[in-house]
Amino acid sequence: MFYRVVRLFARAVLFGVLRFRIDTAGQEHLPRGGYLLIGAAHRGWMDPFLVIHALPVEPRVWFLGSAPSTFTSRWREVLIHRLGGLLPVWRGGIGADPHVASARAVIGNGAVFAQMPEGTVSGPAGRIGPFRVGWAVIALRTGAPIVPFAMAGTEELYIGRRMASRVLPATGVGELLAGSWDGLVPPPNTRAELDLAKRLSAALEEVLGPIVAELYPGTVDPPSHPRRLRHRLTWLLLRPGRLDRSAPGSTPAS
């Protein structure tokens, strides 16, 4: 009940007060539950809300996310613990095993385990960045259905901002790797598992990259469009700092 109330309140603020507009499509591809949702391009704090907006209220979605970026104040820590939905990651060499166990628990209970494989909100607008392979290791070890989720328009926020998302048909390890995989999952924590995870991650990049590029132009307002509260809203739930929005090989914007 608390989650439903918070969700309704958030929708009232995001869509009523801030007048955000999200063009969402592809919900007919969503399985009933018990799957991995892998979303890109991850460019801001609104990305989890785009996922929640596209998914039904139940089953619940649980995000694997950065604890240092989330628990930046006492009130946020209390709210997240009360609300649920976040499986925190503390970087520092603990390995994939705890996250795989979390994914199995979420998926085994018919819920949704969501990850943003870029692992950062920096990167060029309208393009995906390199994927980390943690999600692929989880996919290999759980064998769960994989739902690719494309997002665009969250790198800069202001009153009336347009954003877009699209749910792609559920797939799996075998489908993503096509005929380049013999169907044998390597033993955990081996070089063979890491190599296969890298191939799987690259395959999903090829699926999501063109969709993100396709969605992005529909989120771009003309230069003359007012961008009220741009700085405040863009950094509202992020640690203040600098975000590199330049494409690889170009000079970073100031």
# chains A, B, ... in the order shown; residues from 1 in each chain; ligands from 1
>>> select_by_dssp(residues="region 35-193 of chain A", states="strand (DSSP E or B)", output="ChimeraX atom specification")
/A:35-40,61-66,86-89,112-115,146-152,162-167,171
>>> residues_around(residues="region 157-168 of chain A", least_positions_apart="3", cutoff="7 Å", atoms="only C-alpha atoms", output="PDB file with N, CA, C and O atoms, in the first residue's frame")
ATOM      1  N   LEU A  18       5.569  19.035 -12.709  1.00  0.00           N
ATOM      2  CA  LEU A  18       6.719  19.251 -13.601  1.00  0.00           C
ATOM      3  C   LEU A  18       6.358  19.084 -15.076  1.00  0.00           C
ATOM      4  O   LEU A  18       7.158  19.425 -15.951  1.00  0.00           O
ATOM      5  N   ARG A  19       5.202  18.520 -15.330  1.00  0.00           N
ATOM      6  CA  ARG A  19       4.678  18.353 -16.696  1.00  0.00           C
ATOM      7  C   ARG A  19       5.617  17.550 -17.597  1.00  0.00           C
ATOM      8  O   ARG A  19       5.744  17.818 -18.790  1.00  0.00           O
ATOM      9  N   PHE A  20       6.309  16.572 -17.024  1.00  0.00           N
ATOM     10  CA  PHE A  20       7.103  15.660 -17.831  1.00  0.00           C
ATOM     11  C   PHE A  20       6.174  14.858 -18.730  1.00  0.00           C
ATOM     12  O   PHE A  20       5.056  14.505 -18.344  1.00  0.00           O
ATOM     13  N   ARG A  21       6.647  14.543 -19.926  1.00  0.00           N
ATOM     14  CA  ARG A  21       5.871  13.741 -20.877  1.00  0.00           C
ATOM     15  C   ARG A  21       6.718  12.551 -21.325  1.00  0.00           C
ATOM     16  O   ARG A  21       7.837  12.734 -21.799  1.00  0.00           O
ATOM     17  N   ILE A  22       6.168  11.358 -21.159  1.00  0.00           N
ATOM     18  CA  ILE A  22       6.894  10.141 -21.511  1.00  0.00           C
ATOM     19  C   ILE A  22       6.105   9.374 -22.563  1.00  0.00           C
ATOM     20  O   ILE A  22       4.974   8.953 -22.312  1.00  0.00           O
ATOM     21  N   ASP A  23       6.697   9.221 -23.722  1.00  0.00           N
ATOM     22  CA  ASP A  23       6.107   8.411 -24.791  1.00  0.00           C
ATOM     23  C   ASP A  23       6.586   6.972 -24.602  1.00  0.00           C
ATOM     24  O   ASP A  23       7.762   6.674 -24.811  1.00  0.00           O
ATOM     25  N   THR A  24       5.692   6.106 -24.176  1.00  0.00           N
ATOM     26  CA  THR A  24       6.050   4.732 -23.855  1.00  0.00           C
ATOM     27  C   THR A  24       5.355   3.774 -24.813  1.00  0.00           C
ATOM     28  O   THR A  24       4.176   3.953 -25.141  1.00  0.00           O
ATOM     29  N   ALA A  25       6.064   2.757 -25.245  1.00  0.00           N
ATOM     30  CA  ALA A  25       5.487   1.773 -26.164  1.00  0.00           C
ATOM     31  C   ALA A  25       6.069   0.398 -25.866  1.00  0.00           C
ATOM     32  O   ALA A  25       7.111   0.265 -25.227  1.00  0.00           O
ATOM     33  N   GLY A  26       5.360  -0.632 -26.338  1.00  0.00           N
ATOM     34  CA  GLY A  26       5.862  -1.993 -26.256  1.00  0.00           C
ATOM     35  C   GLY A  26       5.473  -2.771 -25.024  1.00  0.00           C
ATOM     36  O   GLY A  26       5.975  -3.874 -24.808  1.00  0.00           O
ATOM     37  N   GLN A  27       4.541  -2.241 -24.200  1.00  0.00           N
ATOM     38  CA  GLN A  27       4.173  -2.967 -22.978  1.00  0.00           C
ATOM     39  C   GLN A  27       3.561  -4.328 -23.270  1.00  0.00           C
ATOM     40  O   GLN A  27       3.577  -5.201 -22.401  1.00  0.00           O
ATOM     41  N   HIS A  29       4.824  -6.531 -24.860  1.00  0.00           N
ATOM     42  CA  HIS A  29       5.904  -7.521 -24.872  1.00  0.00           C
ATOM     43  C   HIS A  29       6.291  -7.991 -23.468  1.00  0.00           C
ATOM     44  O   HIS A  29       7.111  -8.899 -23.344  1.00  0.00           O
ATOM     45  N   LEU A  50      11.110   5.936 -15.516  1.00  0.00           N
ATOM     46  CA  LEU A  50      10.644   5.506 -16.831  1.00  0.00           C
ATOM     47  C   LEU A  50      10.334   4.017 -16.832  1.00  0.00           C
ATOM     48  O   LEU A  50       9.354   3.581 -17.451  1.00  0.00           O
ATOM     49  N   VAL A 147      14.396  -8.864 -20.915  1.00  0.00           N
ATOM     50  CA  VAL A 147      13.562  -7.857 -21.575  1.00  0.00           C
ATOM     51  C   VAL A 147      14.405  -6.611 -21.805  1.00  0.00           C
ATOM     52  O   VAL A 147      14.717  -5.887 -20.852  1.00  0.00           O
ATOM     53  N   PRO A 148      14.817  -6.319 -23.041  1.00  0.00           N
ATOM     54  CA  PRO A 148      15.555  -5.083 -23.316  1.00  0.00           C
ATOM     55  C   PRO A 148      14.625  -3.875 -23.219  1.00  0.00           C
ATOM     56  O   PRO A 148      13.481  -3.918 -23.683  1.00  0.00           O
ATOM     57  N   PHE A 149      15.126  -2.805 -22.626  1.00  0.00           N
ATOM     58  CA  PHE A 149      14.307  -1.609 -22.400  1.00  0.00           C
ATOM     59  C   PHE A 149      15.107  -0.388 -22.839  1.00  0.00           C
ATOM     60  O   PHE A 149      16.165  -0.095 -22.278  1.00  0.00           O
ATOM     61  N   ALA A 150      14.624   0.319 -23.848  1.00  0.00           N
ATOM     62  CA  ALA A 150      15.328   1.478 -24.400  1.00  0.00           C
ATOM     63  C   ALA A 150      14.735   2.767 -23.844  1.00  0.00           C
ATOM     64  O   ALA A 150      13.515   2.893 -23.706  1.00  0.00           O
ATOM     65  N   MET A 151      15.627   3.730 -23.536  1.00  0.00           N
ATOM     66  CA  MET A 151      15.202   5.019 -22.982  1.00  0.00           C
ATOM     67  C   MET A 151      15.961   6.154 -23.664  1.00  0.00           C
ATOM     68  O   MET A 151      17.096   5.973 -24.093  1.00  0.00           O
ATOM     69  N   ALA A 152      15.325   7.316 -23.706  1.00  0.00           N
ATOM     70  CA  ALA A 152      15.984   8.501 -24.259  1.00  0.00           C
ATOM     71  C   ALA A 152      15.353   9.752 -23.669  1.00  0.00           C
ATOM     72  O   ALA A 152      14.176   9.753 -23.298  1.00  0.00           O
ATOM     73  N   GLY A 153      16.145  10.815 -23.574  1.00  0.00           N
ATOM     74  CA  GLY A 153      15.632  12.107 -23.159  1.00  0.00           C
ATOM     75  C   GLY A 153      15.786  12.439 -21.691  1.00  0.00           C
ATOM     76  O   GLY A 153      15.242  13.456 -21.241  1.00  0.00           O
ATOM     77  N   THR A 154      16.543  11.647 -20.931  1.00  0.00           N
ATOM     78  CA  THR A 154      16.659  11.900 -19.499  1.00  0.00           C
ATOM     79  C   THR A 154      17.959  12.575 -19.101  1.00  0.00           C
ATOM     80  O   THR A 154      18.208  12.792 -17.918  1.00  0.00           O
ATOM     81  N   LEU A 215      14.752   6.661 -30.787  1.00  0.00           N
ATOM     82  CA  LEU A 215      13.871   7.373 -29.866  1.00  0.00           C
ATOM     83  C   LEU A 215      14.332   8.803 -29.604  1.00  0.00           C
ATOM     84  O   LEU A 215      13.504   9.701 -29.398  1.00  0.00           O
ATOM     85  N   THR A 219      12.684  13.380 -28.557  1.00  0.00           N
ATOM     86  CA  THR A 219      12.746  13.993 -27.229  1.00  0.00           C
ATOM     87  C   THR A 219      13.450  15.343 -27.241  1.00  0.00           C
ATOM     88  O   THR A 219      13.547  15.995 -26.207  1.00  0.00           O
ATOM     89  N   ARG A 227      13.673  26.257 -20.973  1.00  0.00           N
ATOM     90  CA  ARG A 227      14.191  25.153 -20.157  1.00  0.00           C
ATOM     91  C   ARG A 227      14.237  25.589 -18.690  1.00  0.00           C
ATOM     92  O   ARG A 227      15.290  25.677 -18.087  1.00  0.00           O
ATOM     93  N   ARG A 228      13.046  25.818 -18.159  1.00  0.00           N
ATOM     94  CA  ARG A 228      12.939  26.313 -16.791  1.00  0.00           C
ATOM     95  C   ARG A 228      13.371  25.257 -15.771  1.00  0.00           C
ATOM     96  O   ARG A 228      13.015  24.092 -15.896  1.00  0.00           O
ATOM     97  N   LEU A 229      14.134  25.693 -14.787  1.00  0.00           N
ATOM     98  CA  LEU A 229      14.644  24.849 -13.698  1.00  0.00           C
ATOM     99  C   LEU A 229      15.541  23.726 -14.222  1.00  0.00           C
ATOM    100  O   LEU A 229      15.653  22.683 -13.600  1.00  0.00           O
ATOM    101  N   ARG A 230      16.209  23.955 -15.339  1.00  0.00           N
ATOM    102  CA  ARG A 230      17.016  22.900 -15.962  1.00  0.00           C
ATOM    103  C   ARG A 230      18.088  22.379 -15.013  1.00  0.00           C
ATOM    104  O   ARG A 230      18.206  21.176 -14.796  1.00  0.00           O
ATOM    105  N   LEU A 233      16.541  20.645 -11.732  1.00  0.00           N
ATOM    106  CA  LEU A 233      15.879  19.361 -11.960  1.00  0.00           C
ATOM    107  C   LEU A 233      16.856  18.295 -12.441  1.00  0.00           C
ATOM    108  O   LEU A 233      16.745  17.127 -12.053  1.00  0.00           O
ATOM    109  N   THR A 234      17.799  18.661 -13.285  1.00  0.00           N
ATOM    110  CA  THR A 234      18.768  17.677 -13.778  1.00  0.00           C
ATOM    111  C   THR A 234      19.554  17.064 -12.627  1.00  0.00           C
ATOM    112  O   THR A 234      19.834  15.862 -12.615  1.00  0.00           O
TER     113      THR A 234
END
>>> select_by_dssp(residues="region 7-208 of chain A", states="helix (DSSP H, G or I)", output="number ranges by chain")
A: 7-17, 27-29, 47-54, 67-70, 74-83, 97-108, 134-142, 173-180, 191-208
>>> residues_around(residues="Leu36 (chain A)", least_positions_apart="4", cutoff="9 Å", atoms="only C-alpha atoms", output="list of chain:residue names")
A:Ala103, A:Ile107, A:Val112, A:Phe113, A:Ala114, A:Gln115, A:Trp135, A:Ile138, A:Ala139, A:Ala144, A:Pro145, A:Ile146, A:Val147, A:Pro148
>>> write_last_selection(atoms="N, CA and C atoms", output="PDB file, in the first residue's frame")
ATOM      1  N   ALA A 103      19.131 -11.664  -7.551  1.00  0.00           N
ATOM      2  CA  ALA A 103      18.355 -11.815  -8.781  1.00  0.00           C
ATOM      3  C   ALA A 103      17.519 -13.087  -8.741  1.00  0.00           C
ATOM      4  N   ILE A 107      13.498 -12.980  -9.117  1.00  0.00           N
ATOM      5  CA  ILE A 107      12.898 -13.678 -10.254  1.00  0.00           C
ATOM      6  C   ILE A 107      12.108 -14.892  -9.787  1.00  0.00           C
ATOM      7  N   VAL A 112      10.410  -8.501 -10.964  1.00  0.00           N
ATOM      8  CA  VAL A 112      11.256  -8.015 -12.060  1.00  0.00           C
ATOM      9  C   VAL A 112      12.575  -7.516 -11.483  1.00  0.00           C
ATOM     10  N   PHE A 113      13.674  -8.004 -12.026  1.00  0.00           N
ATOM     11  CA  PHE A 113      15.011  -7.596 -11.602  1.00  0.00           C
ATOM     12  C   PHE A 113      15.569  -6.682 -12.680  1.00  0.00           C
ATOM     13  N   ALA A 114      15.753  -5.394 -12.347  1.00  0.00           N
ATOM     14  CA  ALA A 114      16.147  -4.405 -13.350  1.00  0.00           C
ATOM     15  C   ALA A 114      17.574  -3.929 -13.137  1.00  0.00           C
ATOM     16  N   GLN A 115      18.296  -3.767 -14.233  1.00  0.00           N
ATOM     17  CA  GLN A 115      19.661  -3.250 -14.201  1.00  0.00           C
ATOM     18  C   GLN A 115      19.877  -2.240 -15.324  1.00  0.00           C
ATOM     19  N   TRP A 135      25.418  -7.717 -15.588  1.00  0.00           N
ATOM     20  CA  TRP A 135      24.077  -8.172 -15.927  1.00  0.00           C
ATOM     21  C   TRP A 135      24.130  -9.479 -16.713  1.00  0.00           C
ATOM     22  N   ILE A 138      24.687 -12.443 -14.527  1.00  0.00           N
ATOM     23  CA  ILE A 138      23.419 -12.790 -13.868  1.00  0.00           C
ATOM     24  C   ILE A 138      22.500 -13.521 -14.838  1.00  0.00           C
ATOM     25  N   ALA A 139      22.439 -13.050 -16.082  1.00  0.00           N
ATOM     26  CA  ALA A 139      21.591 -13.712 -17.084  1.00  0.00           C
ATOM     27  C   ALA A 139      22.048 -15.142 -17.340  1.00  0.00           C
ATOM     28  N   ALA A 144      17.118 -16.589 -16.844  1.00  0.00           N
ATOM     29  CA  ALA A 144      15.822 -15.907 -16.879  1.00  0.00           C
ATOM     30  C   ALA A 144      15.593 -15.215 -18.218  1.00  0.00           C
ATOM     31  N   PRO A 145      14.337 -14.996 -18.595  1.00  0.00           N
ATOM     32  CA  PRO A 145      14.055 -14.194 -19.791  1.00  0.00           C
ATOM     33  C   PRO A 145      14.649 -12.796 -19.647  1.00  0.00           C
ATOM     34  N   ILE A 146      15.091 -12.232 -20.754  1.00  0.00           N
ATOM     35  CA  ILE A 146      15.709 -10.907 -20.780  1.00  0.00           C
ATOM     36  C   ILE A 146      14.797  -9.963 -21.555  1.00  0.00           C
ATOM     37  N   VAL A 147      14.396  -8.864 -20.915  1.00  0.00           N
ATOM     38  CA  VAL A 147      13.562  -7.857 -21.575  1.00  0.00           C
ATOM     39  C   VAL A 147      14.405  -6.611 -21.805  1.00  0.00           C
ATOM     40  N   PRO A 148      14.817  -6.319 -23.041  1.00  0.00           N
ATOM     41  CA  PRO A 148      15.555  -5.083 -23.316  1.00  0.00           C
ATOM     42  C   PRO A 148      14.625  -3.875 -23.219  1.00  0.00           C
TER      43      PRO A 148
END
>>> residues_around(residues="Gly33 (chain A)", least_positions_apart="2", cutoff="6 Å", atoms="only C-alpha atoms", output="JSON, numbers by chain")
{"A": [31, 35, 110, 111]}
>>> atom_distance(atom1="CA of Ile211 (chain A)", atom2="CA of Ala178 (chain A)")
19.5 Å
>>> atom_distance(atom1="CA of Glu77 (chain A)", atom2="CA of Phe49 (chain A)")
17.7 Å
>>> decode(residues="region 125-163 of chain A", atoms="N, CA and C atoms", output="mmCIF file, in the first residue's frame")
data_model
loop_
_atom_site.group_PDB
_atom_site.id
_atom_site.type_symbol
_atom_site.label_atom_id
_atom_site.label_comp_id
_atom_site.auth_asym_id
_atom_site.auth_seq_id
_atom_site.Cartn_x
_atom_site.Cartn_y
_atom_site.Cartn_z
ATOM 1 N N ALA A 125 24.301 11.929 -25.207
ATOM 2 C CA ALA A 125 22.848 11.862 -25.335
ATOM 3 C C ALA A 125 22.466 11.138 -26.617
ATOM 4 N N GLY A 126 21.451 10.306 -26.527
ATOM 5 C CA GLY A 126 20.949 9.620 -27.709
ATOM 6 C C GLY A 126 21.775 8.446 -28.165
ATOM 7 N N ARG A 127 22.777 8.058 -27.380
ATOM 8 C CA ARG A 127 23.611 6.907 -27.716
ATOM 9 C C ARG A 127 23.916 6.123 -26.449
ATOM 10 N N ILE A 128 24.040 4.825 -26.573
ATOM 11 C CA ILE A 128 24.413 4.029 -25.416
ATOM 12 C C ILE A 128 25.923 4.080 -25.215
ATOM 13 N N GLY A 129 26.342 3.859 -23.979
ATOM 14 C CA GLY A 129 27.748 3.724 -23.679
ATOM 15 C C GLY A 129 28.103 2.253 -23.550
ATOM 16 N N PRO A 130 29.377 1.931 -23.343
ATOM 17 C CA PRO A 130 29.787 0.534 -23.198
ATOM 18 C C PRO A 130 29.087 -0.125 -22.007
ATOM 19 N N PHE A 131 28.619 -1.325 -22.214
ATOM 20 C CA PHE A 131 27.967 -2.076 -21.147
ATOM 21 C C PHE A 131 29.004 -2.773 -20.272
ATOM 22 N N ARG A 132 28.765 -2.780 -18.981
ATOM 23 C CA ARG A 132 29.502 -3.660 -18.092
ATOM 24 C C ARG A 132 28.873 -5.051 -18.172
ATOM 25 N N VAL A 133 29.581 -6.049 -17.679
ATOM 26 C CA VAL A 133 29.143 -7.423 -17.934
ATOM 27 C C VAL A 133 28.424 -8.071 -16.758
ATOM 28 N N GLY A 134 28.239 -7.336 -15.671
ATOM 29 C CA GLY A 134 27.584 -7.934 -14.516
ATOM 30 C C GLY A 134 26.206 -8.475 -14.816
ATOM 31 N N TRP A 135 25.418 -7.717 -15.588
ATOM 32 C CA TRP A 135 24.077 -8.172 -15.927
ATOM 33 C C TRP A 135 24.130 -9.479 -16.713
ATOM 34 N N ALA A 136 25.132 -9.600 -17.597
ATOM 35 C CA ALA A 136 25.245 -10.787 -18.437
ATOM 36 C C ALA A 136 25.605 -12.016 -17.606
ATOM 37 N N VAL A 137 26.451 -11.821 -16.594
ATOM 38 C CA VAL A 137 26.763 -12.928 -15.685
ATOM 39 C C VAL A 137 25.495 -13.394 -14.980
ATOM 40 N N ILE A 138 24.687 -12.443 -14.527
ATOM 41 C CA ILE A 138 23.419 -12.790 -13.868
ATOM 42 C C ILE A 138 22.500 -13.521 -14.838
ATOM 43 N N ALA A 139 22.439 -13.050 -16.082
ATOM 44 C CA ALA A 139 21.591 -13.712 -17.084
ATOM 45 C C ALA A 139 22.048 -15.142 -17.340
ATOM 46 N N LEU A 140 23.352 -15.340 -17.437
ATOM 47 C CA LEU A 140 23.885 -16.679 -17.686
ATOM 48 C C LEU A 140 23.573 -17.624 -16.526
ATOM 49 N N ARG A 141 23.723 -17.138 -15.310
ATOM 50 C CA ARG A 141 23.561 -18.019 -14.147
ATOM 51 C C ARG A 141 22.096 -18.269 -13.803
ATOM 52 N N THR A 142 21.211 -17.323 -14.106
ATOM 53 C CA THR A 142 19.794 -17.517 -13.769
ATOM 54 C C THR A 142 19.004 -18.146 -14.908
ATOM 55 N N GLY A 143 19.433 -17.904 -16.160
ATOM 56 C CA GLY A 143 18.678 -18.407 -17.302
ATOM 57 C C GLY A 143 17.318 -17.747 -17.467
ATOM 58 N N ALA A 144 17.118 -16.589 -16.844
ATOM 59 C CA ALA A 144 15.822 -15.907 -16.879
ATOM 60 C C ALA A 144 15.593 -15.215 -18.218
ATOM 61 N N PRO A 145 14.337 -14.996 -18.595
ATOM 62 C CA PRO A 145 14.055 -14.194 -19.791
ATOM 63 C C PRO A 145 14.649 -12.796 -19.647
ATOM 64 N N ILE A 146 15.091 -12.232 -20.754
ATOM 65 C CA ILE A 146 15.709 -10.907 -20.780
ATOM 66 C C ILE A 146 14.797 -9.963 -21.555
ATOM 67 N N VAL A 147 14.396 -8.864 -20.915
ATOM 68 C CA VAL A 147 13.562 -7.857 -21.575
ATOM 69 C C VAL A 147 14.405 -6.611 -21.805
ATOM 70 N N PRO A 148 14.817 -6.319 -23.041
ATOM 71 C CA PRO A 148 15.555 -5.083 -23.316
ATOM 72 C C PRO A 148 14.625 -3.875 -23.219
ATOM 73 N N PHE A 149 15.126 -2.805 -22.626
ATOM 74 C CA PHE A 149 14.307 -1.609 -22.400
ATOM 75 C C PHE A 149 15.107 -0.388 -22.839
ATOM 76 N N ALA A 150 14.624 0.319 -23.848
ATOM 77 C CA ALA A 150 15.328 1.478 -24.400
ATOM 78 C C ALA A 150 14.735 2.767 -23.844
ATOM 79 N N MET A 151 15.627 3.730 -23.536
ATOM 80 C CA MET A 151 15.202 5.019 -22.982
ATOM 81 C C MET A 151 15.961 6.154 -23.664
ATOM 82 N N ALA A 152 15.325 7.316 -23.706
ATOM 83 C CA ALA A 152 15.984 8.501 -24.259
ATOM 84 C C ALA A 152 15.353 9.752 -23.669
ATOM 85 N N GLY A 153 16.145 10.815 -23.574
ATOM 86 C CA GLY A 153 15.632 12.107 -23.159
ATOM 87 C C GLY A 153 15.786 12.439 -21.691
ATOM 88 N N THR A 154 16.543 11.647 -20.931
ATOM 89 C CA THR A 154 16.659 11.900 -19.499
ATOM 90 C C THR A 154 17.959 12.575 -19.101
ATOM 91 N N GLU A 155 18.794 12.899 -20.067
ATOM 92 C CA GLU A 155 20.105 13.478 -19.736
ATOM 93 C C GLU A 155 19.998 14.918 -19.239
ATOM 94 N N GLU A 156 18.910 15.591 -19.573
ATOM 95 C CA GLU A 156 18.707 16.972 -19.157
ATOM 96 C C GLU A 156 17.224 17.145 -18.849
ATOM 97 N N LEU A 157 16.914 17.652 -17.662
ATOM 98 C CA LEU A 157 15.521 17.754 -17.235
ATOM 99 C C LEU A 157 15.136 19.209 -17.010
ATOM 100 N N TYR A 158 13.894 19.527 -17.377
ATOM 101 C CA TYR A 158 13.337 20.859 -17.156
ATOM 102 C C TYR A 158 11.820 20.740 -17.241
ATOM 103 N N ILE A 159 11.136 21.811 -16.898
ATOM 104 C CA ILE A 159 9.676 21.787 -16.914
ATOM 105 C C ILE A 159 9.178 21.427 -18.318
ATOM 106 N N GLY A 160 8.307 20.423 -18.403
ATOM 107 C CA GLY A 160 7.735 20.023 -19.690
ATOM 108 C C GLY A 160 8.629 19.141 -20.529
ATOM 109 N N ARG A 161 9.667 18.549 -19.946
ATOM 110 C CA ARG A 161 10.620 17.729 -20.699
ATOM 111 C C ARG A 161 9.944 16.521 -21.332
ATOM 112 N N ARG A 162 10.302 16.248 -22.583
ATOM 113 C CA ARG A 162 9.828 15.057 -23.289
ATOM 114 C C ARG A 162 10.842 13.939 -23.161
ATOM 115 N N MET A 163 10.349 12.743 -22.876
ATOM 116 C CA MET A 163 11.178 11.552 -22.776
ATOM 117 C C MET A 163 10.488 10.416 -23.518
#
